[in-house]
$ cat query-v8.txt   # compact mmCIF, C-alpha atoms
# COMPACT_ATOMS: atom_id res chain seq x y z
CA MET S 259 26.02 1.30 40.79
CA ARG S 260 26.53 0.34 37.16
CA GLU S 261 27.31 -3.16 35.88
CA PHE S 262 29.11 -3.55 32.57
CA VAL S 263 29.45 -6.57 30.33
CA TYR S 264 31.81 -4.77 27.95
CA LEU S 265 33.66 -1.45 28.01
CA SER S 266 36.03 -0.38 25.25
CA GLU S 267 38.97 1.49 26.72
CA THR S 268 40.18 2.00 23.15
CA LYS S 269 37.05 3.90 22.13
CA LEU S 270 37.13 5.84 25.38
CA SER S 271 40.70 6.96 24.70
CA GLN S 272 39.74 8.28 21.25
CA PHE S 273 37.75 11.12 22.78
CA ARG S 274 39.65 14.29 23.63
CA SER S 275 38.55 17.37 25.54
CA ASP S 276 40.30 20.62 24.56
CA ARG S 277 39.46 22.24 27.87
CA SER S 278 40.25 19.55 30.41
CA PRO S 279 41.83 16.45 28.92
CA VAL S 280 41.54 13.42 31.14
CA PRO S 281 44.06 10.65 30.54
CA VAL S 282 42.65 7.21 30.02
CA PRO S 283 44.37 4.69 32.30
CA GLY S 284 46.58 2.02 30.89
CA ALA S 285 45.81 -1.64 31.14
CA VAL S 286 47.76 -4.83 31.55
CA GLY S 287 47.15 -7.60 29.04
CA LEU S 288 46.79 -11.07 30.48
CA THR S 289 46.85 -14.17 28.31
CA THR S 290 44.32 -16.88 29.12
CA PRO S 291 43.25 -20.03 27.21
CA PHE S 292 40.38 -17.92 25.92
CA GLY S 293 42.54 -15.03 24.77
CA GLY S 294 43.85 -11.73 26.03
CA VAL S 295 41.98 -9.89 28.76
CA GLU S 296 42.71 -6.32 29.75
CA VAL S 297 42.59 -5.49 33.44
CA THR S 298 43.32 -2.17 35.10
CA SER S 299 46.29 -2.25 37.40
CA ARG S 300 46.36 1.26 38.81
CA GLY S 301 45.02 2.59 42.09
CA PRO S 302 41.83 4.42 43.08
CA ASP S 303 42.90 7.64 41.33
CA THR S 304 43.12 5.86 37.99
CA GLU S 305 39.67 4.33 38.43
CA ARG S 306 38.27 7.74 39.40
CA LEU S 307 39.73 9.32 36.26
CA ARG S 308 38.33 6.51 34.10
CA ARG S 309 34.85 7.01 35.55
CA ARG S 310 35.14 10.75 35.04
CA LYS S 311 36.17 10.28 31.40
CA LEU S 312 33.30 7.86 30.83
CA ARG S 313 30.79 10.38 32.25
CA GLN S 314 32.19 13.09 29.98
CA VAL S 315 31.96 10.91 26.89
CA GLU S 316 28.44 9.72 27.69
CA LYS S 317 27.31 13.31 28.27
CA TYR S 318 28.70 14.23 24.85
CA LEU S 319 27.12 11.23 23.14
CA ALA S 320 23.75 11.87 24.81
CA ALA S 321 23.53 15.07 22.77
CA GLN S 322 24.94 13.55 19.56
CA ALA S 323 23.73 9.97 19.22
CA ASP S 324 20.59 8.82 17.40
CA TRP S 325 18.31 6.05 18.67
CA PHE S 326 19.35 2.79 17.06
CA THR S 327 16.05 2.37 15.20
CA ALA S 328 16.20 5.85 13.64
CA PRO S 329 16.00 6.03 9.84
CA GLY S 330 18.88 7.29 7.73
CA LEU S 331 21.73 6.04 9.91
CA ARG S 332 25.15 6.02 8.27
CA PRO S 333 28.45 4.28 9.09
CA GLY S 334 30.42 6.27 11.62
CA ARG S 335 27.37 7.69 13.40
CA TRP S 336 26.87 7.05 17.10
CA VAL S 337 23.65 5.45 18.32
CA ARG S 338 22.05 4.77 21.66
CA TYR S 339 20.62 1.25 21.92
CA GLU S 340 18.64 -0.85 24.37
CA ALA S 341 17.97 -4.48 23.53
CA PRO S 342 18.04 -8.06 24.79
CA LEU S 343 21.41 -9.37 23.60
CA ARG S 344 23.34 -12.59 24.12
CA VAL S 345 27.10 -12.61 23.86
CA VAL S 346 29.10 -15.25 21.97
CA THR S 347 32.41 -15.86 20.27
CA LEU S 348 33.25 -18.14 17.35
CA ARG S 349 35.29 -21.24 18.03
CA GLY S 350 38.73 -21.52 16.51
CA SER S 351 41.07 -18.70 15.58
CA HIS S 352 38.46 -15.92 15.79
CA GLN S 353 37.79 -15.89 19.53
CA ASP S 354 39.11 -12.36 19.88
CA LEU S 355 35.95 -11.23 18.04
CA VAL S 356 33.01 -11.01 20.43
CA LEU S 357 29.47 -10.70 19.09
CA PHE S 358 26.31 -9.44 20.77
CA VAL S 359 23.23 -10.68 18.94
CA ASP S 360 19.55 -9.93 19.49
CA PRO S 361 16.71 -12.51 19.46
CA ALA S 362 15.72 -14.08 16.15
CA PRO S 363 12.48 -12.75 14.67
CA GLY S 364 9.52 -14.22 16.54
CA GLU S 365 11.44 -15.09 19.72
CA ASP S 366 10.56 -11.82 21.47
CA PRO S 367 7.48 -10.20 19.83
CA GLU S 368 7.68 -7.10 22.01
CA TYR S 369 11.29 -6.51 21.01
CA ASP S 370 10.36 -7.14 17.36
CA ARG S 371 7.87 -4.26 17.59
CA GLU S 372 10.37 -1.99 19.35
CA SER S 373 13.29 -2.57 17.02
CA ALA S 374 11.71 -3.23 13.63
CA GLY S 375 14.93 -5.02 12.68
CA ARG S 376 18.05 -6.82 13.87
CA LEU S 377 20.98 -5.53 15.92
CA LEU S 378 24.45 -7.10 15.78
CA LEU S 379 27.25 -5.60 17.90
CA HIS S 380 30.87 -6.61 17.41
CA GLY S 381 33.89 -5.89 19.54
CA SER S 382 37.10 -7.24 21.03
CA ALA S 383 37.09 -9.87 23.76
CA HIS S 384 39.88 -7.84 25.38
CA HIS S 385 37.22 -5.36 26.48
CA LEU S 386 34.88 -7.86 28.11
CA VAL S 387 34.29 -7.37 31.82
CA GLY S 388 34.16 -10.73 33.57
CA GLY S 389 34.54 -14.23 32.20
CA PRO S 390 34.53 -15.41 28.59
CA PRO S 391 31.18 -15.87 26.82
CA PRO S 392 30.00 -19.14 25.27
CA ALA S 393 31.78 -20.13 22.05
CA VAL S 394 29.71 -21.43 19.13
CA ASP S 395 30.69 -23.22 15.94
CA GLY S 396 29.02 -20.72 13.64
CA PRO S 397 28.97 -21.15 9.86
CA SER S 398 31.86 -22.28 7.69
CA LEU S 399 34.27 -19.37 7.25
CA GLY S 400 36.36 -20.87 4.44
CA TYR S 401 37.11 -23.92 2.39
CA HIS S 402 39.68 -25.48 0.06
CA PRO S 403 38.12 -25.72 -3.41
CA GLY S 404 40.59 -28.31 -4.68
CA ALA S 405 43.61 -28.43 -6.94
CA GLU S 406 41.61 -28.52 -10.14
CA THR S 407 40.11 -25.08 -9.49
CA SER S 408 42.68 -23.01 -7.66
CA GLY S 409 45.50 -25.24 -6.55
CA GLY S 410 43.92 -26.03 -3.19
CA SER S 411 44.26 -22.42 -2.02
CA PHE S 412 42.12 -21.20 0.89
CA VAL S 413 39.00 -19.30 -0.17
CA ARG S 414 36.81 -17.40 2.24
CA THR S 415 33.07 -17.92 2.21
CA VAL S 416 30.85 -14.84 2.25
CA VAL S 417 30.52 -15.21 6.03
CA GLY S 418 34.29 -15.54 6.25
CA GLU S 419 34.54 -12.17 4.52
CA VAL S 420 32.23 -10.69 7.15
CA VAL S 421 34.38 -12.02 10.00
CA ARG S 422 37.52 -10.77 8.24
CA ALA S 423 35.97 -7.30 7.82
CA LEU S 424 34.90 -7.10 11.45
CA GLU S 425 38.33 -8.22 12.64
CA LEU S 426 39.94 -5.57 10.43
CA GLU S 427 37.69 -2.96 12.04
CA LEU S 428 39.03 -4.06 15.43
CA ALA S 429 42.60 -3.85 14.19
CA LEU S 430 42.05 -0.33 12.86
CA GLU S 431 40.44 0.76 16.11
CA ASN S 432 43.47 -0.55 18.00
CA GLY S 433 45.83 1.44 15.82
CA ALA S 434 46.97 -1.17 13.30
CA SER S 435 47.68 -0.13 9.73
CA ALA S 436 45.02 -1.09 7.22
CA GLY S 437 47.56 -1.23 4.42
CA ALA S 438 46.81 -0.09 0.91
CA GLY S 439 43.47 -1.84 0.79
CA GLY S 440 41.88 0.17 3.62
CA SER S 441 38.83 -1.19 5.39
CA ALA S 442 37.39 -4.44 4.10
CA ALA S 443 33.88 -4.46 2.68
CA LEU S 444 31.06 -5.93 4.76
CA PRO S 445 28.96 -8.11 2.43
CA GLY S 446 25.27 -7.97 3.31
CA PRO S 447 24.48 -11.62 2.46
CA GLY S 448 27.28 -12.74 4.75
CA VAL S 449 25.88 -10.71 7.65
CA ARG S 450 22.47 -12.34 7.11
CA ASP S 451 24.07 -15.81 6.96
CA LEU S 452 26.04 -15.11 10.14
CA LEU S 453 22.87 -14.04 11.95
CA ARG S 454 21.01 -17.14 10.78
CA SER S 455 23.82 -19.35 12.01
CA LEU S 456 23.92 -17.60 15.40
CA ASP S 457 20.14 -17.94 15.67
CA LEU S 458 20.39 -21.68 15.01
CA THR S 459 23.13 -22.15 17.61
CA GLY S 460 21.18 -20.32 20.30
CA PRO S 461 20.52 -22.17 23.56
CA GLU S 462 17.14 -23.74 24.28
CA VAL S 463 16.74 -21.37 27.22
CA SER S 464 17.42 -17.75 26.26
CA THR S 465 20.59 -16.21 27.67
CA ALA S 466 19.85 -12.75 26.27
CA ALA S 467 20.11 -9.99 28.89
CA ARG S 468 18.54 -6.55 28.60
CA VAL S 469 21.47 -4.22 28.00
CA ALA S 470 22.01 -0.64 26.85
CA GLY S 471 24.79 1.65 25.74
CA TYR S 472 26.30 3.63 22.88
CA ALA S 473 27.75 2.15 19.70
CA ARG S 474 29.28 3.40 16.47
CA VAL S 475 27.52 2.28 13.29
CA THR S 476 29.56 -0.06 11.08
CA ALA S 477 26.89 -0.83 8.47
CA VAL S 478 23.14 -0.67 7.91
CA LEU S 479 21.51 -3.40 5.83
CA PRO S 480 18.17 -2.10 4.55
CA ALA S 481 15.00 -4.12 4.93
CA THR S 482 13.63 -6.12 2.02
CA ASP S 483 10.36 -7.97 1.50
CA ALA S 484 11.99 -11.08 2.97
CA VAL S 485 14.20 -9.80 5.80
CA PRO S 486 14.14 -6.88 8.27
CA ARG S 487 16.73 -4.13 8.48
CA CYS S 488 19.96 -5.01 10.27
CA LEU S 489 22.17 -2.56 12.12
CA VAL S 490 25.80 -3.61 12.63
CA ALA S 491 27.69 -1.51 15.17
CA SER S 492 30.68 -1.50 17.51
CA PRO S 493 29.91 -0.61 21.14
CA LEU S 494 31.59 1.78 23.50
CA GLY S 495 29.92 -0.09 26.34
CA VAL S 496 27.40 -2.82 26.98
CA GLU S 497 25.72 -2.31 30.34
CA TYR S 498 23.03 -4.28 32.14
CA HIS S 499 19.79 -2.30 31.96
CA SER S 500 17.31 -2.76 34.78
CA GLY S 501 14.94 0.10 33.98
CA PRO S 502 11.48 -0.19 32.41
CA ARG S 503 11.19 -1.41 28.86

$ encode --input "query-v8.txt" --output "structure tokens"
Amino acid sequence: MREFVYLSETKLSQFRSDRSPVPVPGAVGLTTPFGGVEVTSRGPDTERLRRRKLRQVEKYLAAQADWFTAPGLRPGRWVRYEAPLRVVTLRGSHQDLVLFVDPAPGEDPEYDRESAGRLLLHGSAHHLVGGPPPAVDGPSLGYHPGAETSGGSFVRTVVGEVVRALELELALENGASAGAGGSAALPGPGVRDLLRSLDLTGPEVSTAARVAGYARVTAVLPATDAVPRCLVASPLGVEYHSGPR
């Protein structure tokens, strides 16, 4: 048996087999106080086809994906990851964005040695399996600078730009038009600030679970003298991993 925390039906449906295409089942969207949740509503045949498609995609990715700590990763590449991750959302209007974040440096020395950097996964809460994750305040995403500077107009902070970029990635994945501007940039300092804020809002007792899966690289922030490398990626699936470390 396999136990998933997250499974992106959207990513699954993007894979096509020329020889034996397998349709990806539809889903019904339910609205909850937390947000939309997709649930399958078909019978056993639909679930069997979904499992078959997942096996096909994972077999393909097993031969294509790099390990998430590999050097030279580029946006768009697929990686295989295994890490202790906790899942959160941001309070307010951004709860459709779900984040999987690894332990802060020093919290898990063995993981620090394994990863040699940070891992931040981002996805849509619509693809969560089970209940909603904890919501955290996070950093300030925007502010009003005042009439004397720009007429009181809303200005995004650098972390706000990160959240905007990640939400745009979700919209593009779900088939929305990016408009003339295309994908939004992902500012490195904002990613670092977001990680620091998530680290500070972590619970006293760790809620990180050992999980594994495949993810598509969104960005790679190189290491500096002060901070480790950070890999930002969007998962196909996040699955509980019970095997040896």

$ atom_distance --input "query-v8.txt" --atom1 "atom CA of Arg468 of chain S" --atom2 "atom CA of Leu357 of chain S"
15.1 Å

$ atom_distance --input "query-v8.txt" --atom1 "atom CA of His380 of chain S" --atom2 "atom CA of Val359 of chain S"
8.8 Å

$ atom_distance --input "query-v8.txt" --atom1 "atom CA of Val490 of chain S" --atom2 "atom CA of Asp370 of chain S"
16.5 Å

$ residues_around --input "query-v8.txt" --residues "segment 264-276 of chain S" --least-positions-apart "6" --cutoff "9 Å" --atoms "all atoms listed in the file" --output "list in words"
Val282, Pro283, Gly284, Ala285, Arg308, Lys311, Leu312, Gln314, Val315, Gly381, Ser382, Ala383, His384, His385, Leu386, Val387, Gly388, Glu431, Asn432, Pro493, Leu494, Gly495, Val496 and Glu497 of chain S

$ closest_residue --input "query-v8.txt" --among "S:Arg376, S:Arg422, S:Arg371, S:Arg313" --to "Leu343 of chain S" --atoms "all atoms listed in the file"
S:Arg376

$ residues_around --input "query-v8.txt" --residues "Val469 of chain S" --least-positions-apart "3" --cutoff "12 Å" --atoms "all atoms listed in the file" --output "ChimeraX atom specification"
/S:260-264,338-345,358-360,379,466,472,493,495-503

$ write_last_selection --input "query-v8.txt" --atoms "C-alpha atoms" --output "PDB file, in the frame of the given file"
ATOM      1  CA  ARG S 260      26.530   0.340  37.160  1.00  0.00           C
ATOM      2  CA  GLU S 261      27.310  -3.160  35.880  1.00  0.00           C
ATOM      3  CA  PHE S 262      29.110  -3.550  32.570  1.00  0.00           C
ATOM      4  CA  VAL S 263      29.450  -6.570  30.330  1.00  0.00           C
ATOM      5  CA  TYR S 264      31.810  -4.770  27.950  1.00  0.00           C
ATOM      6  CA  ARG S 338      22.050   4.770  21.660  1.00  0.00           C
ATOM      7  CA  TYR S 339      20.620   1.250  21.920  1.00  0.00           C
ATOM      8  CA  GLU S 340      18.640  -0.850  24.370  1.00  0.00           C
ATOM      9  CA  ALA S 341      17.970  -4.480  23.530  1.00  0.00           C
ATOM     10  CA  PRO S 342      18.040  -8.060  24.790  1.00  0.00           C
ATOM     11  CA  LEU S 343      21.410  -9.370  23.600  1.00  0.00           C
ATOM     12  CA  ARG S 344      23.340 -12.590  24.120  1.00  0.00           C
ATOM     13  CA  VAL S 345      27.100 -12.610  23.860  1.00  0.00           C
ATOM     14  CA  PHE S 358      26.310  -9.440  20.770  1.00  0.00           C
ATOM     15  CA  VAL S 359      23.230 -10.680  18.940  1.00  0.00           C
ATOM     16  CA  ASP S 360      19.550  -9.930  19.490  1.00  0.00           C
ATOM     17  CA  LEU S 379      27.250  -5.600  17.900  1.00  0.00           C
ATOM     18  CA  ALA S 466      19.850 -12.750  26.270  1.00  0.00           C
ATOM     19  CA  TYR S 472      26.300   3.630  22.880  1.00  0.00           C
ATOM     20  CA  PRO S 493      29.910  -0.610  21.140  1.00  0.00           C
ATOM     21  CA  GLY S 495      29.920  -0.090  26.340  1.00  0.00           C
ATOM     22  CA  VAL S 496      27.400  -2.820  26.980  1.00  0.00           C
ATOM     23  CA  GLU S 497      25.720  -2.310  30.340  1.00  0.00           C
ATOM     24  CA  TYR S 498      23.030  -4.280  32.140  1.00  0.00           C
ATOM     25  CA  HIS S 499      19.790  -2.300  31.960  1.00  0.00           C
ATOM     26  CA  SER S 500      17.310  -2.760  34.780  1.00  0.00           C
ATOM     27  CA  GLY S 501      14.940   0.100  33.980  1.00  0.00           C
ATOM     28  CA  PRO S 502      11.480  -0.190  32.410  1.00  0.00           C
ATOM     29  CA  ARG S 503      11.190  -1.410  28.860  1.00  0.00           C
TER      30      ARG S 503
END

$ closest_residue --input "query-v8.txt" --among "S:Val337, S:Ala362, S:Leu319, S:Leu331" --to "Ala477 of chain S" --atoms "only C-alpha atoms"
S:Leu331

$ residues_near_point --input "query-v8.txt" --point "(24.4, -15.6, 22.1)" --cutoff "12 Å" --atoms "only C-alpha atoms" --output "short mmCIF file (atom, residue, chain, number, x, y, z; two decimals) with C-alpha atoms, keeping the file's coordinate frame"
data_model
loop_
_atom_site.label_atom_id
_atom_site.label_comp_id
_atom_site.auth_asym_id
_atom_site.auth_seq_id
_atom_site.Cartn_x
_atom_site.Cartn_y
_atom_site.Cartn_z
CA PRO S 342 18.04 -8.06 24.79
CA LEU S 343 21.41 -9.37 23.60
CA ARG S 344 23.34 -12.59 24.12
CA VAL S 345 27.10 -12.61 23.86
CA VAL S 346 29.10 -15.25 21.97
CA THR S 347 32.41 -15.86 20.27
CA LEU S 348 33.25 -18.14 17.35
CA VAL S 356 33.01 -11.01 20.43
CA LEU S 357 29.47 -10.70 19.09
CA PHE S 358 26.31 -9.44 20.77
CA VAL S 359 23.23 -10.68 18.94
CA ASP S 360 19.55 -9.93 19.49
CA PRO S 361 16.71 -12.51 19.46
CA ALA S 362 15.72 -14.08 16.15
CA LEU S 378 24.45 -7.10 15.78
CA LEU S 379 27.25 -5.60 17.90
CA PRO S 391 31.18 -15.87 26.82
CA PRO S 392 30.00 -19.14 25.27
CA ALA S 393 31.78 -20.13 22.05
CA VAL S 394 29.71 -21.43 19.13
CA ASP S 395 30.69 -23.22 15.94
CA GLY S 396 29.02 -20.72 13.64
CA LEU S 453 22.87 -14.04 11.95
CA ARG S 454 21.01 -17.14 10.78
CA SER S 455 23.82 -19.35 12.01
CA LEU S 456 23.92 -17.60 15.40
CA ASP S 457 20.14 -17.94 15.67
CA LEU S 458 20.39 -21.68 15.01
CA THR S 459 23.13 -22.15 17.61
CA GLY S 460 21.18 -20.32 20.30
CA PRO S 461 20.52 -22.17 23.56
CA GLU S 462 17.14 -23.74 24.28
CA VAL S 463 16.74 -21.37 27.22
CA SER S 464 17.42 -17.75 26.26
CA THR S 465 20.59 -16.21 27.67
CA ALA S 466 19.85 -12.75 26.27
CA ALA S 467 20.11 -9.99 28.89
#

$ axis_aligned_box --input "query-v8.txt" --around "segment 327-343 of chain S" --padding-each-side "8 Å" --output "JSON"
{"center_x": 23.2, "center_y": -0.8, "center_z": 16.3, "size_x": 30.4, "size_y": 33.1, "size_z": 33.1}

$ build_atoms --input "query-v8.txt" --residues "segment 302-327 of chain S" --atoms "N, CA, C and O atoms" --output "short mmCIF file (atom, residue, chain, number, x, y, z; two decimals), in the frame of the given file"
data_model
loop_
_atom_site.label_atom_id
_atom_site.label_comp_id
_atom_site.auth_asym_id
_atom_site.auth_seq_id
_atom_site.Cartn_x
_atom_site.Cartn_y
_atom_site.Cartn_z
N PRO S 302 43.13 3.75 43.08
CA PRO S 302 41.83 4.42 43.08
C PRO S 302 41.79 5.67 42.21
O PRO S 302 40.75 5.97 41.61
N ASP S 303 42.90 6.42 42.14
CA ASP S 303 42.90 7.64 41.33
C ASP S 303 42.68 7.33 39.86
O ASP S 303 41.98 8.06 39.15
N THR S 304 43.29 6.25 39.38
CA THR S 304 43.12 5.86 37.99
C THR S 304 41.68 5.48 37.71
O THR S 304 41.10 5.87 36.70
N GLU S 305 41.07 4.72 38.60
CA GLU S 305 39.67 4.33 38.43
C GLU S 305 38.77 5.56 38.47
O GLU S 305 37.80 5.66 37.71
N ARG S 306 39.07 6.51 39.33
CA ARG S 306 38.27 7.74 39.40
C ARG S 306 38.36 8.52 38.09
O ARG S 306 37.36 9.03 37.59
N LEU S 307 39.56 8.62 37.53
CA LEU S 307 39.73 9.32 36.26
C LEU S 307 39.00 8.61 35.12
O LEU S 307 38.42 9.24 34.25
N ARG S 308 39.03 7.26 35.14
CA ARG S 308 38.33 6.51 34.10
C ARG S 308 36.83 6.75 34.18
O ARG S 308 36.17 6.94 33.16
N ARG S 309 36.28 6.74 35.39
CA ARG S 309 34.85 7.01 35.55
C ARG S 309 34.49 8.43 35.12
O ARG S 309 33.45 8.66 34.50
N ARG S 310 35.38 9.36 35.44
CA ARG S 310 35.14 10.75 35.04
C ARG S 310 35.13 10.88 33.52
O ARG S 310 34.27 11.53 32.94
N LYS S 311 36.10 10.22 32.86
CA LYS S 311 36.17 10.28 31.40
C LYS S 311 34.92 9.65 30.79
O LYS S 311 34.34 10.17 29.83
N LEU S 312 34.49 8.53 31.34
CA LEU S 312 33.30 7.86 30.83
C LEU S 312 32.08 8.78 30.95
O LEU S 312 31.26 8.86 30.03
N ARG S 313 31.92 9.45 32.08
CA ARG S 313 30.79 10.38 32.25
C ARG S 313 30.84 11.49 31.23
O ARG S 313 29.82 11.89 30.65
N GLN S 314 32.03 12.02 30.96
CA GLN S 314 32.19 13.09 29.98
C GLN S 314 31.79 12.61 28.58
O GLN S 314 31.07 13.31 27.85
N VAL S 315 32.26 11.44 28.22
CA VAL S 315 31.96 10.91 26.89
C VAL S 315 30.47 10.62 26.75
O VAL S 315 29.85 10.94 25.72
N GLU S 316 29.87 10.02 27.77
CA GLU S 316 28.44 9.72 27.69
C GLU S 316 27.61 11.00 27.64
O GLU S 316 26.58 11.04 26.96
N LYS S 317 28.02 12.03 28.34
CA LYS S 317 27.31 13.31 28.27
C LYS S 317 27.38 13.88 26.84
O LYS S 317 26.38 14.39 26.31
N TYR S 318 28.54 13.77 26.23
CA TYR S 318 28.70 14.23 24.85
C TYR S 318 27.83 13.41 23.90
O TYR S 318 27.12 13.95 23.06
N LEU S 319 27.87 12.09 24.05
CA LEU S 319 27.12 11.23 23.14
C LEU S 319 25.61 11.38 23.34
O LEU S 319 24.84 11.20 22.39
N ALA S 320 25.18 11.69 24.55
CA ALA S 320 23.75 11.87 24.81
C ALA S 320 23.17 12.97 23.94
O ALA S 320 21.99 12.93 23.56
N ALA S 321 23.99 13.96 23.61
CA ALA S 321 23.53 15.07 22.77
C ALA S 321 23.77 14.82 21.29
O ALA S 321 23.24 15.55 20.45
N GLN S 322 24.55 13.79 20.95
CA GLN S 322 24.94 13.55 19.56
C GLN S 322 24.29 12.31 18.95
O GLN S 322 24.01 12.28 17.75
N ALA S 323 24.10 11.29 19.76
CA ALA S 323 23.73 9.97 19.22
C ALA S 323 22.26 9.90 18.84
O ALA S 323 21.39 10.50 19.48
N ASP S 324 21.97 9.13 17.80
CA ASP S 324 20.59 8.82 17.40
C ASP S 324 20.14 7.54 18.10
O ASP S 324 20.97 6.73 18.55
N TRP S 325 18.83 7.33 18.18
CA TRP S 325 18.31 6.05 18.67
C TRP S 325 18.58 5.01 17.60
O TRP S 325 18.56 5.29 16.40
N PHE S 326 18.86 3.78 18.00
CA PHE S 326 19.35 2.79 17.06
C PHE S 326 18.32 2.37 16.01
O PHE S 326 18.67 1.74 15.02
N THR S 327 17.07 2.69 16.21
CA THR S 327 16.05 2.37 15.20
C THR S 327 15.77 3.55 14.27
O THR S 327 14.90 3.43 13.39
#
